[in-house]
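A.B. asks: Below is the file start13.cif, which contains mmCIF, C-alpha atoms.
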```cif
data_structure
loop_
_atom_site.label_atom_id
_atom_site.label_comp_id
_atom_site.auth_asym_id
_atom_site.auth_seq_id
_atom_site.Cartn_x
_atom_site.Cartn_y
_atom_site.Cartn_z
CA MET A 14 -18.96 -30.10 -15.99
CA THR A 15 -20.61 -28.13 -18.78
CA SER A 16 -18.41 -26.21 -21.17
CA ASP A 17 -19.63 -22.93 -19.70
CA THR A 18 -18.38 -23.70 -16.19
CA ALA A 19 -15.14 -25.08 -17.65
CA VAL A 20 -14.53 -21.78 -19.41
CA ALA A 21 -15.43 -19.86 -16.27
CA SER A 22 -13.09 -21.89 -14.07
CA ARG A 23 -10.26 -21.65 -16.59
CA SER A 24 -10.59 -17.88 -16.73
CA ARG A 25 -10.71 -17.82 -12.91
CA THR A 26 -7.42 -19.74 -12.82
CA THR A 27 -5.93 -17.43 -15.45
CA ASP A 28 -7.05 -14.38 -13.47
CA PHE A 29 -5.64 -15.81 -10.25
CA ILE A 30 -2.26 -16.49 -11.86
CA GLU A 31 -2.18 -13.05 -13.47
CA GLY A 32 -2.80 -11.49 -10.05
CA ALA A 33 -0.16 -13.71 -8.42
CA ARG A 34 2.40 -12.69 -11.07
CA LEU A 35 1.87 -9.02 -10.17
CA SER A 36 2.55 -9.84 -6.51
CA ILE A 37 6.22 -10.75 -7.21
CA PRO A 38 7.76 -7.25 -6.92
CA VAL A 39 5.57 -6.57 -3.89
CA VAL A 40 6.68 -9.78 -2.17
CA VAL A 41 10.35 -9.01 -2.92
CA ALA A 42 10.15 -5.35 -1.85
CA SER A 43 8.29 -6.02 1.38
CA ALA A 44 10.29 -9.09 2.49
CA PRO A 45 13.05 -7.11 4.27
CA PHE A 46 10.39 -5.15 6.14
CA GLY A 47 8.56 -8.30 7.20
CA VAL A 48 11.79 -9.79 8.54
CA LEU A 49 12.74 -6.50 10.18
CA PHE A 50 9.30 -6.22 11.77
CA GLY A 51 9.54 -9.75 13.19
CA ALA A 52 12.98 -9.10 14.63
CA LEU A 53 12.02 -5.72 16.16
CA ALA A 54 8.74 -7.06 17.58
CA VAL A 55 10.58 -9.73 19.57
CA GLU A 56 13.15 -7.14 20.64
CA ASN A 57 10.28 -4.93 21.92
CA GLY A 58 8.78 -7.66 24.09
CA PHE A 59 6.44 -9.51 21.70
CA THR A 60 6.40 -13.30 21.61
CA VAL A 61 6.91 -14.97 18.21
CA THR A 62 3.19 -15.85 18.17
CA GLU A 63 2.16 -12.25 18.87
CA ALA A 64 4.44 -10.93 16.12
CA VAL A 65 2.94 -13.34 13.59
CA LEU A 66 -0.59 -12.62 14.81
CA MET A 67 -0.07 -8.89 14.31
CA SER A 68 1.11 -9.42 10.71
CA ALA A 69 -1.84 -11.71 9.99
CA LEU A 70 -4.60 -9.61 11.59
CA ILE A 71 -3.52 -5.98 11.16
CA TYR A 72 -1.54 -6.61 7.95
CA GLY A 73 -0.13 -3.11 7.48
CA GLY A 74 3.64 -2.76 7.70
CA ALA A 75 4.01 0.88 8.74
CA SER A 76 1.26 0.67 11.37
CA GLN A 77 2.79 -2.50 12.81
CA MET A 78 6.19 -0.80 13.09
CA VAL A 79 4.60 2.15 14.89
CA GLY A 80 2.73 -0.25 17.18
CA ILE A 81 5.80 -2.18 18.38
CA GLU A 82 7.85 1.01 18.66
CA LEU A 83 5.27 2.62 20.98
CA PHE A 84 4.85 -0.61 22.94
CA GLY A 85 8.61 -0.67 23.51
CA GLN A 86 8.35 2.91 24.81
CA LYS A 87 5.66 1.80 27.34
CA VAL A 88 3.01 4.09 25.81
CA ALA A 89 -0.58 3.54 27.05
CA PRO A 90 -2.32 0.72 25.12
CA TRP A 91 -5.25 2.86 23.90
CA LEU A 92 -2.78 5.39 22.48
CA ILE A 93 -0.97 2.59 20.64
CA VAL A 94 -4.25 1.43 19.13
CA LEU A 95 -5.11 4.99 18.12
CA SER A 96 -1.70 5.43 16.48
CA ILE A 97 -2.18 2.22 14.49
CA PHE A 98 -5.49 3.61 13.25
CA VAL A 99 -3.96 6.98 12.33
CA VAL A 100 -1.27 5.30 10.24
CA ASN A 101 -3.91 3.23 8.42
CA ALA A 102 -6.40 6.09 8.01
CA ARG A 103 -5.38 6.52 4.35
CA HIS A 104 -7.08 3.16 3.73
CA ILE A 105 -10.44 4.93 4.16
CA LEU A 106 -9.69 6.66 0.85
CA TYR A 107 -8.55 3.38 -0.77
CA SER A 108 -11.79 1.81 0.40
CA ALA A 109 -13.97 4.52 -1.12
CA ALA A 110 -12.02 4.41 -4.41
CA THR A 111 -11.89 0.60 -4.65
CA GLY A 112 -15.54 0.28 -3.69
CA ARG A 113 -16.47 1.91 -7.00
CA LEU A 114 -14.51 -0.77 -8.90
CA ILE A 115 -15.95 -3.78 -7.04
CA ALA A 116 -19.47 -2.50 -6.30
CA HIS A 117 -20.96 -5.37 -8.35
CA TRP A 118 -19.25 -8.13 -6.31
CA PRO A 119 -21.29 -10.19 -3.79
CA PHE A 120 -21.26 -8.80 -0.25
CA LEU A 121 -19.01 -11.51 1.20
CA GLN A 122 -16.39 -11.09 -1.55
CA LYS A 123 -16.33 -7.34 -0.91
CA ALA A 124 -16.01 -7.93 2.84
CA VAL A 125 -13.02 -10.23 2.24
CA ALA A 126 -11.47 -7.89 -0.34
CA PHE A 127 -11.39 -4.92 2.04
CA PHE A 128 -9.33 -6.92 4.55
CA PHE A 129 -6.52 -7.19 1.96
CA LEU A 130 -6.62 -3.52 0.89
CA VAL A 131 -2.99 -2.51 1.54
CA ASP A 132 -1.06 0.09 -0.53
CA PRO A 133 0.16 -2.17 -3.39
CA GLN A 134 -3.13 -4.09 -3.51
CA TYR A 135 -5.04 -0.84 -3.95
CA ALA A 136 -2.63 0.57 -6.52
CA GLU A 137 -2.60 -2.62 -8.61
CA ALA A 138 -6.41 -2.77 -8.53
CA GLU A 139 -6.62 0.82 -9.83
CA ARG A 140 -4.01 0.08 -12.51
CA HIS A 141 -5.89 -3.05 -13.55
CA ALA A 142 -9.18 -1.19 -13.86
CA GLU A 143 -7.51 1.71 -15.66
CA ALA A 144 -6.16 -0.72 -18.28
CA GLY A 145 -9.79 -1.57 -18.98
CA LYS A 146 -9.53 -5.15 -17.66
CA PRO A 147 -12.39 -6.59 -15.60
CA LEU A 148 -11.52 -6.61 -11.91
CA THR A 149 -12.40 -10.14 -10.77
CA PHE A 150 -12.31 -11.65 -7.29
CA ALA A 151 -9.95 -14.41 -8.54
CA TRP A 152 -7.48 -11.80 -9.81
CA TYR A 153 -7.78 -9.84 -6.56
CA VAL A 154 -7.06 -12.77 -4.23
CA GLY A 155 -4.38 -14.06 -6.62
CA LEU A 156 -2.58 -10.80 -5.93
CA ALA A 157 -3.45 -10.66 -2.21
CA LEU A 158 -2.68 -14.20 -0.99
CA PRO A 159 1.03 -14.32 -1.91
CA ILE A 160 1.55 -10.85 -0.43
CA ILE A 161 0.00 -11.64 2.95
CA GLY A 162 1.34 -15.22 2.94
CA PHE A 163 4.93 -14.12 2.48
CA TRP A 164 4.40 -11.21 4.86
CA ILE A 165 3.47 -13.68 7.61
CA VAL A 166 6.37 -16.03 6.75
CA ASP A 167 8.82 -13.09 6.65
CA THR A 168 7.58 -12.01 10.08
CA LEU A 169 8.08 -15.53 11.46
CA VAL A 170 11.60 -15.70 10.01
CA GLY A 171 12.50 -12.32 11.52
CA ALA A 172 11.00 -13.20 14.89
CA LEU A 173 12.84 -16.52 15.05
CA PHE A 174 16.17 -15.59 13.48
CA GLY A 175 16.24 -11.77 13.68
CA ARG A 176 19.47 -11.71 15.60
CA LEU A 177 21.26 -13.58 12.81
CA VAL A 178 20.32 -11.14 10.01
CA PRO A 179 23.38 -9.17 8.92
CA ASN A 180 23.30 -5.57 7.74
CA LEU A 181 21.69 -5.77 4.31
CA ASP A 182 21.87 -2.06 3.47
CA ALA A 183 24.57 -2.69 0.87
CA LEU A 184 21.97 -4.64 -1.11
CA GLY A 185 19.62 -1.67 -0.97
CA VAL A 186 16.81 -3.44 0.88
CA ASP A 187 15.93 -0.34 2.92
CA PHE A 188 15.10 1.63 -0.22
CA LEU A 189 13.14 -0.93 -2.26
CA LEU A 190 9.70 0.29 -1.21
CA PRO A 191 10.20 3.93 -2.29
CA ILE A 192 11.38 2.66 -5.70
CA TYR A 193 8.34 0.42 -5.98
CA PHE A 194 5.95 3.19 -4.91
CA LEU A 195 7.53 5.58 -7.42
CA GLY A 196 6.77 3.02 -10.13
CA LEU A 197 3.14 2.95 -9.01
CA VAL A 198 2.95 6.76 -9.03
CA MET A 199 4.35 6.80 -12.59
CA GLY A 200 1.72 4.27 -13.61
CA PHE A 201 -1.03 6.82 -13.02
CA ARG A 202 0.56 9.56 -15.14
CA SER A 203 -2.13 9.42 -17.84
CA ARG A 204 -4.79 10.52 -15.34
CA PRO A 205 -6.04 14.10 -15.58
CA PHE A 206 -4.15 16.56 -13.39
CA TRP A 207 -1.51 13.96 -12.48
CA LEU A 208 1.54 16.25 -12.44
CA PRO A 209 0.04 19.06 -10.29
CA ILE A 210 -1.27 16.45 -7.82
CA VAL A 211 2.11 14.73 -7.56
CA LEU A 212 4.04 18.01 -7.19
CA VAL A 213 1.72 19.41 -4.53
CA SER A 214 1.54 16.14 -2.55
CA ALA A 215 5.32 15.73 -2.74
CA PHE A 216 6.01 19.28 -1.57
CA VAL A 217 3.44 19.28 1.23
CA SER A 218 4.43 15.82 2.51
CA VAL A 219 8.10 16.85 2.67
CA VAL A 220 7.24 20.03 4.56
CA ALA A 221 4.91 18.06 6.87
CA VAL A 222 7.47 15.36 7.65
CA LYS A 223 9.95 18.06 8.70
CA THR A 224 7.43 20.01 10.77
CA VAL A 225 4.54 17.86 12.04
CA GLY A 226 6.42 14.59 11.67
CA SER A 227 5.64 11.03 10.61
CA PRO A 228 3.09 9.44 10.04
CA TRP A 229 1.00 12.61 9.70
CA HIS A 230 2.86 13.67 6.55
CA VAL A 231 1.05 10.93 4.62
CA SER A 232 -2.44 12.21 5.45
CA ILE A 233 -1.47 15.88 5.13
CA GLY A 234 0.42 15.49 1.84
CA ALA A 235 -2.29 13.31 0.34
CA ALA A 236 -5.04 15.70 1.46
CA ALA A 237 -3.28 18.59 -0.31
CA GLY A 238 -3.11 16.74 -3.64
CA ILE A 239 -6.67 15.43 -3.37
CA LEU A 240 -8.03 18.86 -2.45
CA LEU A 241 -6.23 20.37 -5.44
CA ALA A 242 -7.92 17.86 -7.75
CA ALA A 243 -11.35 18.42 -6.18
CA ILE A 244 -11.06 22.19 -6.60
CA PHE A 245 -9.35 22.62 -9.96
CA GLN A 246 -9.77 19.45 -11.97
CA PRO A 247 -11.94 19.81 -15.09
CA MET A 248 -15.43 18.35 -14.79
CA PRO A 249 -15.99 14.78 -16.08
CA GLU A 250 -17.42 15.96 -19.44
CA ALA A 251 -14.21 17.83 -20.17
CA ARG A 252 -11.76 14.97 -19.64
CA ARG A 253 -10.75 11.94 -21.69
CA MET B 12 -4.85 -12.82 27.37
CA SER B 13 -1.90 -10.41 27.28
CA THR B 14 -2.09 -6.64 26.77
CA ILE B 15 -0.32 -7.16 23.45
CA PHE B 16 -3.07 -9.50 22.29
CA TRP B 17 -5.76 -6.90 22.98
CA ILE B 18 -3.73 -4.15 21.28
CA ILE B 19 -3.41 -6.35 18.19
CA LEU B 20 -7.12 -7.21 18.20
CA ALA B 21 -8.29 -3.60 18.63
CA GLY B 22 -5.76 -2.40 16.03
CA ALA B 23 -7.00 -5.06 13.61
CA VAL B 24 -10.66 -4.11 14.09
CA LEU B 25 -9.96 -0.39 13.54
CA THR B 26 -7.76 -1.12 10.52
CA TYR B 27 -10.51 -3.23 8.96
CA ALA B 28 -13.01 -0.48 9.75
CA ALA B 29 -10.82 1.95 7.78
CA ARG B 30 -10.44 -0.45 4.83
CA ALA B 31 -14.19 -1.16 4.61
CA GLY B 32 -15.52 2.15 5.97
CA GLY B 33 -14.69 4.40 3.04
CA HIS B 34 -16.82 2.27 0.75
CA VAL B 35 -19.64 1.95 3.30
CA VAL B 36 -19.85 5.72 3.70
CA LEU B 37 -19.63 6.42 -0.03
CA SER B 38 -22.31 3.84 -0.88
CA MET B 39 -24.80 5.72 1.32
CA PHE B 40 -24.99 8.36 -1.40
CA ASP B 41 -27.02 7.70 -4.54
CA ARG B 42 -24.75 9.64 -6.85
CA VAL B 43 -21.17 10.76 -6.50
CA HIS B 44 -20.57 14.48 -6.92
CA PRO B 45 -18.07 15.27 -9.73
CA ARG B 46 -15.71 16.89 -7.24
CA VAL B 47 -15.76 13.78 -5.03
CA GLU B 48 -15.14 11.73 -8.17
CA ALA B 49 -12.18 13.97 -9.05
CA ALA B 50 -10.89 13.67 -5.48
CA LEU B 51 -11.09 9.88 -5.53
CA ASN B 52 -9.32 9.73 -8.90
CA ALA B 53 -6.50 11.74 -7.32
CA VAL B 54 -6.11 9.35 -4.38
CA PRO B 55 -3.50 6.91 -5.74
CA ALA B 56 -1.07 9.54 -7.07
CA ALA B 57 -1.53 11.78 -4.01
CA VAL B 58 -1.10 9.09 -1.33
CA LEU B 59 1.66 7.08 -3.02
CA THR B 60 3.65 10.26 -3.69
CA THR B 61 3.81 10.97 0.05
CA LEU B 62 5.44 7.55 0.54
CA VAL B 63 8.21 8.46 -1.95
CA ALA B 64 8.92 12.19 -1.60
CA PRO B 65 10.34 12.30 1.98
CA ALA B 66 12.53 9.25 1.25
CA ALA B 67 13.79 10.98 -1.92
CA VAL B 68 14.58 14.21 -0.07
CA ASP B 69 16.44 12.34 2.68
CA GLY B 70 18.27 10.15 0.16
CA GLY B 71 21.89 10.56 -0.89
CA PRO B 72 23.29 10.41 -4.46
CA ALA B 73 22.72 6.63 -4.67
CA GLU B 74 19.05 6.87 -3.69
CA ILE B 75 18.37 9.86 -5.97
CA THR B 76 20.06 8.10 -8.89
CA ALA B 77 17.98 4.97 -8.27
CA LEU B 78 14.73 6.99 -8.32
CA VAL B 79 15.73 8.90 -11.47
CA VAL B 80 16.65 5.66 -13.27
CA ALA B 81 13.45 3.98 -12.08
CA GLY B 82 11.38 6.99 -13.14
CA LEU B 83 12.90 7.06 -16.62
CA VAL B 84 12.50 3.30 -17.13
CA ALA B 85 8.88 3.60 -15.99
CA LEU B 86 8.20 5.99 -18.92
CA ARG B 87 8.86 3.19 -21.40
CA PHE B 88 8.57 -0.16 -19.61
CA GLY B 89 6.43 -1.99 -17.04
CA LEU B 90 6.51 -2.05 -13.27
CA LEU B 91 8.78 -5.09 -12.94
CA GLU B 92 11.43 -3.70 -15.33
CA MET B 93 11.28 -0.35 -13.52
CA PHE B 94 11.71 -2.05 -10.16
CA LEU B 95 14.70 -4.16 -11.30
CA ALA B 96 16.41 -1.18 -13.00
CA GLY B 97 15.95 1.04 -9.95
CA THR B 98 17.25 -1.66 -7.60
CA ALA B 99 20.26 -2.38 -9.85
CA ALA B 100 21.07 1.35 -10.00
CA LEU B 101 20.83 1.61 -6.22
CA ILE B 102 23.11 -1.36 -5.55
CA ALA B 103 25.64 -0.20 -8.17
CA MET B 104 25.75 3.36 -6.81
CA ARG B 105 26.09 2.22 -3.20
CA TYR B 106 28.89 -0.10 -4.23
CA LEU B 107 30.69 2.65 -6.16
CA LEU B 108 30.27 5.24 -3.39
CA ALA B 109 31.20 2.90 -0.52
#
```
When written as structure tokens, how does the structure in this file appear?
C.D. replies:
Amino acid sequence: MTSDTAVASRSRTTDFIEGARLSIPVVVASAPFGVLFGALAVENGFTVTEAVLMSALIYGGASQMVGIELFGQKVAPWLIVLSIFVVNARHILYSAATGRLIAHWPFLQKAVAFFFLVDPQYAEAERHAEAGKPLTFAWYVGLALPIIGFWIVDTLVGALFGRLVPNLDALGVDFLLPIYFLGLVMGFRSRPFWLPIVLVSAFVSVVAVKTVGSPWHVSIGAAAGILLAAIFQPMPEARR
Amino acid sequence: MSTIFWIILAGAVLTYAARAGGHVVLSMFDRVHPRVEAALNAVPAAVLTTLVAPAAVDGGPAEITALVVAGLVALRFGLLEMFLAGTAALIAMRYLLA
């Protein structure tokens, strides 16, 4: 091995570990939901294999919950598929935004990366790029693999032992994701127009969840904040 | 193959299409208009806020306290410290209020 490749592989390992370290709060915060999903999937008529398959292939907690809920209600299959897509439609925006950060990656790496583009993966990638660090494939999969790996294991545990899980509300597990997402929101506070975007998206999403209902409040609230930025944000020359 | 299997497969294909599609569409354009650029820069704050705000509004004193503590810690410290502080505040408040 030449010294050049040794350096490259060491920095790849370092990047991978750095990404994996960032996955810890995500793994902890999403664990209760993975277990809950597994338990509810079996309760709604899924086999253990199907529950695990859904976590591995769709890999999007909220959309999976919606999917099993509608299946339990005997909704038409095509409508269930459509609902899964609607819940994950916000990933179109993540894709467009992340694509700018990884445009220089080889095609296959990009194709793999988009599979893993869930909420925390996207937010951490933006944070990483914002800090001025190079966004490498090793870092990206270092973050992604523990998250999806534990998500699948959590699903399996819930599907197999769901009935044995006691009420964990006292430990606050039901509210860990909002806390985590708030931390991510705060992490972007140095961006131009951050406060107006957050206030408008918060207000509109709350109104939408009370009127139109979930999961539409995500798209509607996000659209309001994004539109605000597109209309009023200073042009690129003016910021920084 | 069961109905569930086909639902999972179709859901997975559409989800991947969403996760890859935004980039595919955007890369068809040679240059990104400043307003599109501004819109994309607003995406993380706008989307992630909608995952917090309804939960905050529906939350009781324990949940609100946890978010306030987490928000304040986030001003000074990193994500992990913020997460631990918020969780500790939530557990403590639920214990005290129970």
A.B. asks: Show me, as a ChimeraX atom specification, the residues that have an atom within 9 Å of range 67-74 of chain A when counting all atoms listed in the file, minus same-chain residues fewer than 2 positions from it.
C.D. replies: /A:43,46-47,50-51,62-65,76-79,97,100-101,128-129,131-132,161-162,164-165,168 /B:16,19-20,22-27
A.B. asks: Produce a table with one row for each residue of chain A that has an atom at most 6 Å from any atom of chain B, each row naming the nearest atom pair and its distance in Å at one decimal; use all atoms listed in the file; arrange rows by chain and rising residue number; format as a Markdown table.
C.D. replies:
```
| residue | atom | partner | partner_atom | distance |
| --- | --- | --- | --- | --- |
| A:Met67 | CA | B:Ile19 | CA | 5.7 |
| A:Leu70 | CA | B:Ala23 | CA | 5.5 |
| A:Ile71 | CA | B:Ala23 | CA | 4.4 |
| A:Val94 | CA | B:Gly22 | CA | 5.2 |
| A:Phe98 | CA | B:Thr26 | CA | 5.9 |
| A:His104 | CA | B:Arg30 | CA | 5.1 |
| A:Ile105 | CA | B:Gly33 | CA | 4.4 |
| A:Leu106 | CA | B:Gly33 | CA | 5.9 |
| A:Ser108 | CA | B:Gly33 | CA | 4.7 |
| A:Ala109 | CA | B:His34 | CA | 4.1 |
| A:Ala110 | CA | B:Leu51 | CA | 5.7 |
| A:Gly112 | CA | B:His34 | CA | 5.0 |
| A:Phe127 | CA | B:Ala31 | CA | 5.3 |
| A:Phe128 | CA | B:Tyr27 | CA | 5.9 |
| A:Leu184 | CA | B:Ile102 | CA | 5.6 |
| A:Gly185 | CA | B:Ile102 | CA | 5.8 |
| A:Pro191 | CA | B:Val63 | CA | 5.0 |
| A:Tyr193 | CA | B:Phe94 | CA | 5.9 |
| A:Gly196 | CA | B:Leu90 | CA | 6.0 |
| A:Val198 | CA | B:Ala56 | CA | 5.3 |
| A:Val211 | CA | B:Ala57 | CA | 5.9 |
| A:Ser214 | CA | B:Ala57 | CA | 5.5 |
| A:Ala215 | CA | B:Ala64 | CA | 5.2 |
| A:Ser218 | CA | B:Thr61 | CA | 5.5 |
| A:Val219 | CA | B:Pro65 | CA | 5.1 |
| A:Val231 | CA | B:Thr61 | CA | 5.3 |
| A:Gly234 | CA | B:Thr61 | CA | 5.9 |
| A:Ala235 | CA | B:Ala57 | CA | 4.7 |
| A:Gly238 | CA | B:Ala57 | CA | 5.2 |
| A:Ile239 | CA | B:Ala50 | CA | 5.0 |
| A:Ala242 | CA | B:Ala50 | CA | 5.6 |
| A:Ala243 | CA | B:Arg46 | CA | 4.7 |
```
A.B. asks: What's around Gln122 in chain A at 12 Å? Count only C-alpha atoms, leave out sequence neighbours fewer than 3 positions away in its own chain, and write the answer as a list of chain:residue names.
C.D. replies: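 Residues near the query, excluding close chain neighbours: A:Gly112, A:Ile115, A:Ala116, A:His117, A:Trp118, A:Pro119, A:Val125, A:Ala126, A:Phe127, A:Phe128, A:Phe129, A:Thr149, A:Phe150, A:Ala151, A:Tyr153, A:Val154, B:Ala31.
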A.B. asks: Output C-alpha atoms for every residue in that selection, as an mmCIF file, in the frame of the given file.
C.D. replies:
```
data_model
loop_
_atom_site.group_PDB
_atom_site.id
_atom_site.type_symbol
_atom_site.label_atom_id
_atom_site.label_comp_id
_atom_site.auth_asym_id
_atom_site.auth_seq_id
_atom_site.Cartn_x
_atom_site.Cartn_y
_atom_site.Cartn_z
ATOM 1 C CA GLY A 112 -15.540 0.280 -3.690
ATOM 2 C CA ILE A 115 -15.950 -3.780 -7.040
ATOM 3 C CA ALA A 116 -19.470 -2.500 -6.300
ATOM 4 C CA HIS A 117 -20.960 -5.370 -8.350
ATOM 5 C CA TRP A 118 -19.250 -8.130 -6.310
ATOM 6 C CA PRO A 119 -21.290 -10.190 -3.790
ATOM 7 C CA VAL A 125 -13.020 -10.230 2.240
ATOM 8 C CA ALA A 126 -11.470 -7.890 -0.340
ATOM 9 C CA PHE A 127 -11.390 -4.920 2.040
ATOM 10 C CA PHE A 128 -9.330 -6.920 4.550
ATOM 11 C CA PHE A 129 -6.520 -7.190 1.960
ATOM 12 C CA THR A 149 -12.400 -10.140 -10.770
ATOM 13 C CA PHE A 150 -12.310 -11.650 -7.290
ATOM 14 C CA ALA A 151 -9.950 -14.410 -8.540
ATOM 15 C CA TYR A 153 -7.780 -9.840 -6.560
ATOM 16 C CA VAL A 154 -7.060 -12.770 -4.230
ATOM 17 C CA ALA B 31 -14.190 -1.160 4.610
#
```
A.B. asks: Which value, in Å to one decimal, gives the distance between CA of Val48 in chain A and CA of Asp167 in chain A?
C.D. replies: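 Answer for the CA of Val48 in chain A to CA of Asp167 in chain A separation: 4.8 Å.
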